[in-house]
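Student: Before we start, here is the structure in question, set down as structure tokens.
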Amino acid sequence: MGLGKLKDNLQDCGKEFFTDNYYLIKDYYEGKVDKQTLVSSITSNERWNTITDISLNMRISKVKMFFENKQELDALKITIESRVKADVTEKAKEYFKLETGREYNETEDRILSESTSGLLQEILDALETEYIKELCNFEEFRYQKGSDKLIEFENFDGLTKEEITLLLKQFEESGLTFTSFVEALNIESKEYQLLTLLGELVSYCDLHAANKNTYNAYDDKRTIARAGVRMNDWLDKLLTYKITDNDFSKLTPSIKNALLFLKNPEKGFNNVE
């Protein structure tokens, strides 16, 4: 597997998922834990306890592939160097401690010329690069939460196409706003789960998304654009997108642009037709 495919798989599984669960999936790959234990350990983390089964299995498969192809170190280095937010740097230091049994020393370890651990050397190389800390707003990472949410939305399988079609019809006939319609649903229902996912996805796409302050998990509530799309249209097009097996041709240009950006932030909006 080349580096291009490696980056694609990192994008698909989500770099936060990769860094959070690196050692758990490593143990699973090495046969130290079974699948049930792995899933239980991952979902015990509040960040991943609401992830759908299909999305979780897909992400585990992507990360496991790194180990199978002996590219886990490349994946780790790409993750650190392309994102390098404070929490990722700290995660790298945690790996350093696990590998060596001691804390990373900012002064002494910067001058180490070699290491007995490949992973340790990759972390040292990444942390030694000063400019990395200036890349906190790098687009590939800046909207990662939106990219992760798009994957969850695309992989949601709690409702059939017929049930989603009925849900769309019910919304159109209700005359309610998106927020009022969602609030009227049973919080335990699959319909509520799907529309909440939809609302969360839109909250990363559109400056004027409904309930953005609730759905958007970033402190600064960042969005990728002022899309100029009504929430009713977001719901209509995104549910149609689901009904048609995630067919981009069913989307309007503004919505299509937003989703394509989330799929490949490195290319920005220049990759949009």
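Starting from 1 in every chain, residues are counted up; chains themselves are A, B, ... following the order of the structure tokens, and ligands are numbered from 1 as listed.
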Excluding Gly158 (chain A) and its own-chain neighbours fewer than 2 positions away, which residues fall within 8 Å of it when counting only C-alpha atoms? Please give them as a JSON list (two decimals) with N, CA and C atoms, in the first residue's frame.

Tutor:
```json
[["chain", "number", "residue", "atom", "x", "y", "z"],
["A", 156, "PHE", "N", -24.40, 5.27, 8.45],
["A", 156, "PHE", "CA", -25.54, 4.98, 9.31],
["A", 156, "PHE", "C", -26.49, 3.99, 8.61],
["A", 160, "THR", "N", -34.00, 1.71, 6.85],
["A", 160, "THR", "CA", -33.99, 1.30, 5.45],
["A", 160, "THR", "C", -34.22, 2.53, 4.57],
["A", 190, "LYS", "N", -34.49, 5.54, 15.85],
["A", 190, "LYS", "CA", -33.46, 5.62, 14.82],
["A", 190, "LYS", "C", -33.62, 6.90, 14.00],
["A", 194, "LEU", "N", -30.65, 9.52, 13.26],
["A", 194, "LEU", "CA", -30.22, 9.93, 11.93],
["A", 194, "LEU", "C", -30.28, 11.44, 11.76]]
```

Student: What does the structure give for the distance between CA of Thr223 (chain A) and CA of Cys205 (chain A), in Å to one decimal?

Tutor: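 Distance between the two atoms: 5.2 Å.
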
Student: Considering only C-alpha atoms, state which residue in the set A:Val63, A:Ala209, A:Leu6, A:Leu167 is at the smallest distance from Tyr29 (chain A).

Tutor: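 Closest residue, counting only C-alpha atoms: A:Val63.
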
Student: Just want the 7 Å neighbourhood of Asn246 (chain A), counted on only C-alpha atoms, with same-chain residues fewer than 3 positions away dropped. Output as a ChimeraX atom specification.

Tutor: /A:154,241-242

Student: Env of Glu152 (chain A): 10 Å cut, atoms = only C-alpha atoms, seq-sep filter 6 positions within chain, self excluded. Answer as an MDAnalysis selection string.

Tutor: chainID A and resid 51:56 146 194 197:198 201

Student: Suppose we keep N, CA and C atoms; can you now write the selection as a PDB file, in the first residue's frame?

Tutor:
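File produced: selection.pdb:
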```pdb
ATOM      1  N   ILE A  51     -20.595   5.774  18.531  1.00  0.00           N
ATOM      2  CA  ILE A  51     -20.270   5.464  17.143  1.00  0.00           C
ATOM      3  C   ILE A  51     -21.066   4.234  16.700  1.00  0.00           C
ATOM      4  N   THR A  52     -21.511   4.225  15.456  1.00  0.00           N
ATOM      5  CA  THR A  52     -22.292   3.099  14.948  1.00  0.00           C
ATOM      6  C   THR A  52     -21.390   1.879  14.736  1.00  0.00           C
ATOM      7  N   ASP A  53     -21.983   0.697  14.787  1.00  0.00           N
ATOM      8  CA  ASP A  53     -21.209  -0.535  14.632  1.00  0.00           C
ATOM      9  C   ASP A  53     -20.482  -0.583  13.288  1.00  0.00           C
ATOM     10  N   ILE A  54     -21.180  -0.189  12.235  1.00  0.00           N
ATOM     11  CA  ILE A  54     -20.565  -0.268  10.904  1.00  0.00           C
ATOM     12  C   ILE A  54     -19.402   0.705  10.769  1.00  0.00           C
ATOM     13  N   SER A  55     -19.551   1.903  11.354  1.00  0.00           N
ATOM     14  CA  SER A  55     -18.464   2.882  11.313  1.00  0.00           C
ATOM     15  C   SER A  55     -17.286   2.405  12.154  1.00  0.00           C
ATOM     16  N   LEU A  56     -17.565   1.845  13.324  1.00  0.00           N
ATOM     17  CA  LEU A  56     -16.505   1.357  14.199  1.00  0.00           C
ATOM     18  C   LEU A  56     -15.733   0.233  13.523  1.00  0.00           C
ATOM     19  N   GLY A 146     -15.824  17.425  11.375  1.00  0.00           N
ATOM     20  CA  GLY A 146     -16.808  17.373  10.305  1.00  0.00           C
ATOM     21  C   GLY A 146     -16.581  16.178   9.399  1.00  0.00           C
ATOM     22  N   LEU A 194     -30.646   9.525  13.264  1.00  0.00           N
ATOM     23  CA  LEU A 194     -30.218   9.933  11.935  1.00  0.00           C
ATOM     24  C   LEU A 194     -30.279  11.444  11.764  1.00  0.00           C
ATOM     25  N   LEU A 197     -27.489  13.135  13.633  1.00  0.00           N
ATOM     26  CA  LEU A 197     -26.255  13.024  12.847  1.00  0.00           C
ATOM     27  C   LEU A 197     -26.247  14.045  11.719  1.00  0.00           C
ATOM     28  N   LEU A 198     -27.381  14.180  11.054  1.00  0.00           N
ATOM     29  CA  LEU A 198     -27.507  15.143   9.960  1.00  0.00           C
ATOM     30  C   LEU A 198     -27.271  16.565  10.471  1.00  0.00           C
ATOM     31  N   LEU A 201     -23.602  17.078  11.233  1.00  0.00           N
ATOM     32  CA  LEU A 201     -22.834  17.233   9.996  1.00  0.00           C
ATOM     33  C   LEU A 201     -22.975  18.646   9.433  1.00  0.00           C
TER      34      LEU A 201
END
```

Student: Find the residue from A:Ser189, A:Ala258, A:Lys15, A:Asp247 that sits nearest to Leu207 (chain A); use only C-alpha atoms when measuring.

Tutor: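 Checking each of A:Ser189, A:Ala258, A:Lys15, A:Asp247 against Leu207 (chain A), counting only C-alpha atoms, the winner is A:Ala258.
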
Student: Kindly give the distance, in Å, that separates CA of Lys7 (chain A) and CA of Lys145 (chain A), rounded to a single decimal.

Tutor: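 It comes out at 16.8 Å.
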
Student: For region 248-253 of chain A, please output as a ChimeraX atom specification all residues within 10 Å (counting only C-alpha atoms; exclusion window: fewer than 5 positions along the same chain).

Tutor: /A:227,229,233-234,236-238,240-243,258-260,272-273

Student: Between A:Gln11, A:Asn211, A:Thr165, A:Asn57, which one has atoms that come closest to Glu183 (chain A), using only C-alpha atoms?

Tutor: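 Once distances to Glu183 (chain A) are computed over only C-alpha atoms, the minimum belongs to A:Asn211.
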
Student: Could you tell me how far CA of Asp245 (chain A) lies from CA of Met231 (chain A), in Å and to one decimal?

Tutor: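 For CA of Asp245 (chain A) relative to CA of Met231 (chain A), the distance reads 21.1 Å.
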
Student: Just want the 10 Å neighbourhood of Lys263 (chain A), counted on only C-alpha atoms, with same-chain residues fewer than 4 positions away dropped. Output as a PyMOL selection string.

Tutor: chain A and resi 8+11-12+140+144+146-148+150-151+257-259+267-268

Student: Please produce a file of those selected residues containing N, CA and C atoms, as a PDB file, in the first residue's frame.

Tutor:
```
ATOM      1  N   ASP A   8      -5.325   8.158   2.432  1.00  0.00           N
ATOM      2  CA  ASP A   8      -6.770   7.996   2.232  1.00  0.00           C
ATOM      3  C   ASP A   8      -7.389   7.199   3.374  1.00  0.00           C
ATOM      4  N   GLN A  11      -7.614   9.262   6.435  1.00  0.00           N
ATOM      5  CA  GLN A  11      -8.732  10.193   6.316  1.00  0.00           C
ATOM      6  C   GLN A  11     -10.049   9.477   6.614  1.00  0.00           C
ATOM      7  N   ASP A  12     -10.175   8.234   6.114  1.00  0.00           N
ATOM      8  CA  ASP A  12     -11.412   7.483   6.311  1.00  0.00           C
ATOM      9  C   ASP A  12     -11.635   7.101   7.772  1.00  0.00           C
ATOM     10  N   GLU A 140      -6.255  20.162   6.771  1.00  0.00           N
ATOM     11  CA  GLU A 140      -6.516  18.731   6.824  1.00  0.00           C
ATOM     12  C   GLU A 140      -7.064  18.329   8.186  1.00  0.00           C
ATOM     13  N   GLN A 144     -11.559  18.169  11.025  1.00  0.00           N
ATOM     14  CA  GLN A 144     -11.591  16.716  11.184  1.00  0.00           C
ATOM     15  C   GLN A 144     -12.905  16.235  11.799  1.00  0.00           C
ATOM     16  N   GLY A 146     -15.824  17.425  11.375  1.00  0.00           N
ATOM     17  CA  GLY A 146     -16.808  17.373  10.305  1.00  0.00           C
ATOM     18  C   GLY A 146     -16.581  16.178   9.399  1.00  0.00           C
ATOM     19  N   SER A 147     -15.323  15.880   9.090  1.00  0.00           N
ATOM     20  CA  SER A 147     -15.000  14.730   8.255  1.00  0.00           C
ATOM     21  C   SER A 147     -15.441  13.437   8.930  1.00  0.00           C
ATOM     22  N   ASP A 148     -15.184  13.339  10.233  1.00  0.00           N
ATOM     23  CA  ASP A 148     -15.609  12.155  10.982  1.00  0.00           C
ATOM     24  C   ASP A 148     -17.128  12.021  10.989  1.00  0.00           C
ATOM     25  N   LEU A 150     -19.236  13.125   8.741  1.00  0.00           N
ATOM     26  CA  LEU A 150     -19.699  12.720   7.417  1.00  0.00           C
ATOM     27  C   LEU A 150     -19.595  11.206   7.257  1.00  0.00           C
ATOM     28  N   ILE A 151     -18.501  10.623   7.724  1.00  0.00           N
ATOM     29  CA  ILE A 151     -18.326   9.168   7.648  1.00  0.00           C
ATOM     30  C   ILE A 151     -19.434   8.468   8.435  1.00  0.00           C
ATOM     31  N   ASN A 257     -20.207  20.695  -2.691  1.00  0.00           N
ATOM     32  CA  ASN A 257     -18.901  21.300  -2.410  1.00  0.00           C
ATOM     33  C   ASN A 257     -18.480  21.072  -0.963  1.00  0.00           C
ATOM     34  N   ALA A 258     -19.426  21.267  -0.054  1.00  0.00           N
ATOM     35  CA  ALA A 258     -19.119  21.118   1.373  1.00  0.00           C
ATOM     36  C   ALA A 258     -18.702  19.690   1.697  1.00  0.00           C
ATOM     37  N   LEU A 259     -19.429  18.702   1.178  1.00  0.00           N
ATOM     38  CA  LEU A 259     -19.112  17.307   1.472  1.00  0.00           C
ATOM     39  C   LEU A 259     -17.789  16.887   0.831  1.00  0.00           C
ATOM     40  N   LYS A 267      -7.206  19.295  -0.585  1.00  0.00           N
ATOM     41  CA  LYS A 267      -7.408  19.892  -1.909  1.00  0.00           C
ATOM     42  C   LYS A 267      -8.257  21.136  -1.862  1.00  0.00           C
ATOM     43  N   GLY A 268      -8.850  21.408  -0.682  1.00  0.00           N
ATOM     44  CA  GLY A 268      -9.695  22.592  -0.549  1.00  0.00           C
ATOM     45  C   GLY A 268     -10.888  22.508  -1.484  1.00  0.00           C
TER      46      GLY A 268
END
```

Student: Which residues, written as a short mmCIF file (atom, residue, chain, number, x, y, z; two decimals) with all heavy atoms, in the first residue's frame, have at least one atom at most 8 Å from Ile60 (chain A), with only C-alpha atoms counted and residues fewer than 4 positions away on the same chain left out?

Tutor:
```
data_model
loop_
_atom_site.label_atom_id
_atom_site.label_comp_id
_atom_site.auth_asym_id
_atom_site.auth_seq_id
_atom_site.Cartn_x
_atom_site.Cartn_y
_atom_site.Cartn_z
N CYS A 13 -10.58 6.63 8.43
CA CYS A 13 -10.77 6.18 9.81
C CYS A 13 -10.78 7.35 10.79
O CYS A 13 -11.34 7.23 11.89
CB CYS A 13 -9.70 5.16 10.20
SG CYS A 13 -8.05 5.82 10.49
N ILE A 25 -5.73 -1.36 19.12
CA ILE A 25 -5.82 -2.11 17.87
C ILE A 25 -4.52 -2.87 17.60
O ILE A 25 -4.53 -3.95 17.00
CB ILE A 25 -6.19 -1.17 16.71
CG1 ILE A 25 -7.56 -0.54 16.98
CG2 ILE A 25 -6.22 -1.93 15.39
CD1 ILE A 25 -8.02 0.46 15.97
N LEU A 56 -17.56 1.84 13.32
CA LEU A 56 -16.50 1.36 14.20
C LEU A 56 -15.73 0.23 13.52
O LEU A 56 -14.50 0.22 13.52
CB LEU A 56 -17.10 0.88 15.52
CG LEU A 56 -16.10 0.30 16.54
CD1 LEU A 56 -15.04 1.33 16.89
CD2 LEU A 56 -16.84 -0.16 17.79
N LYS A 64 -6.14 -1.58 11.43
CA LYS A 64 -5.53 -2.91 11.43
C LYS A 64 -4.71 -3.11 10.16
O LYS A 64 -3.65 -3.75 10.18
CB LYS A 64 -6.62 -3.97 11.54
CG LYS A 64 -6.12 -5.41 11.64
CD LYS A 64 -7.27 -6.33 11.99
CE LYS A 64 -6.85 -7.78 12.00
NZ LYS A 64 -6.78 -8.33 10.64
#
```
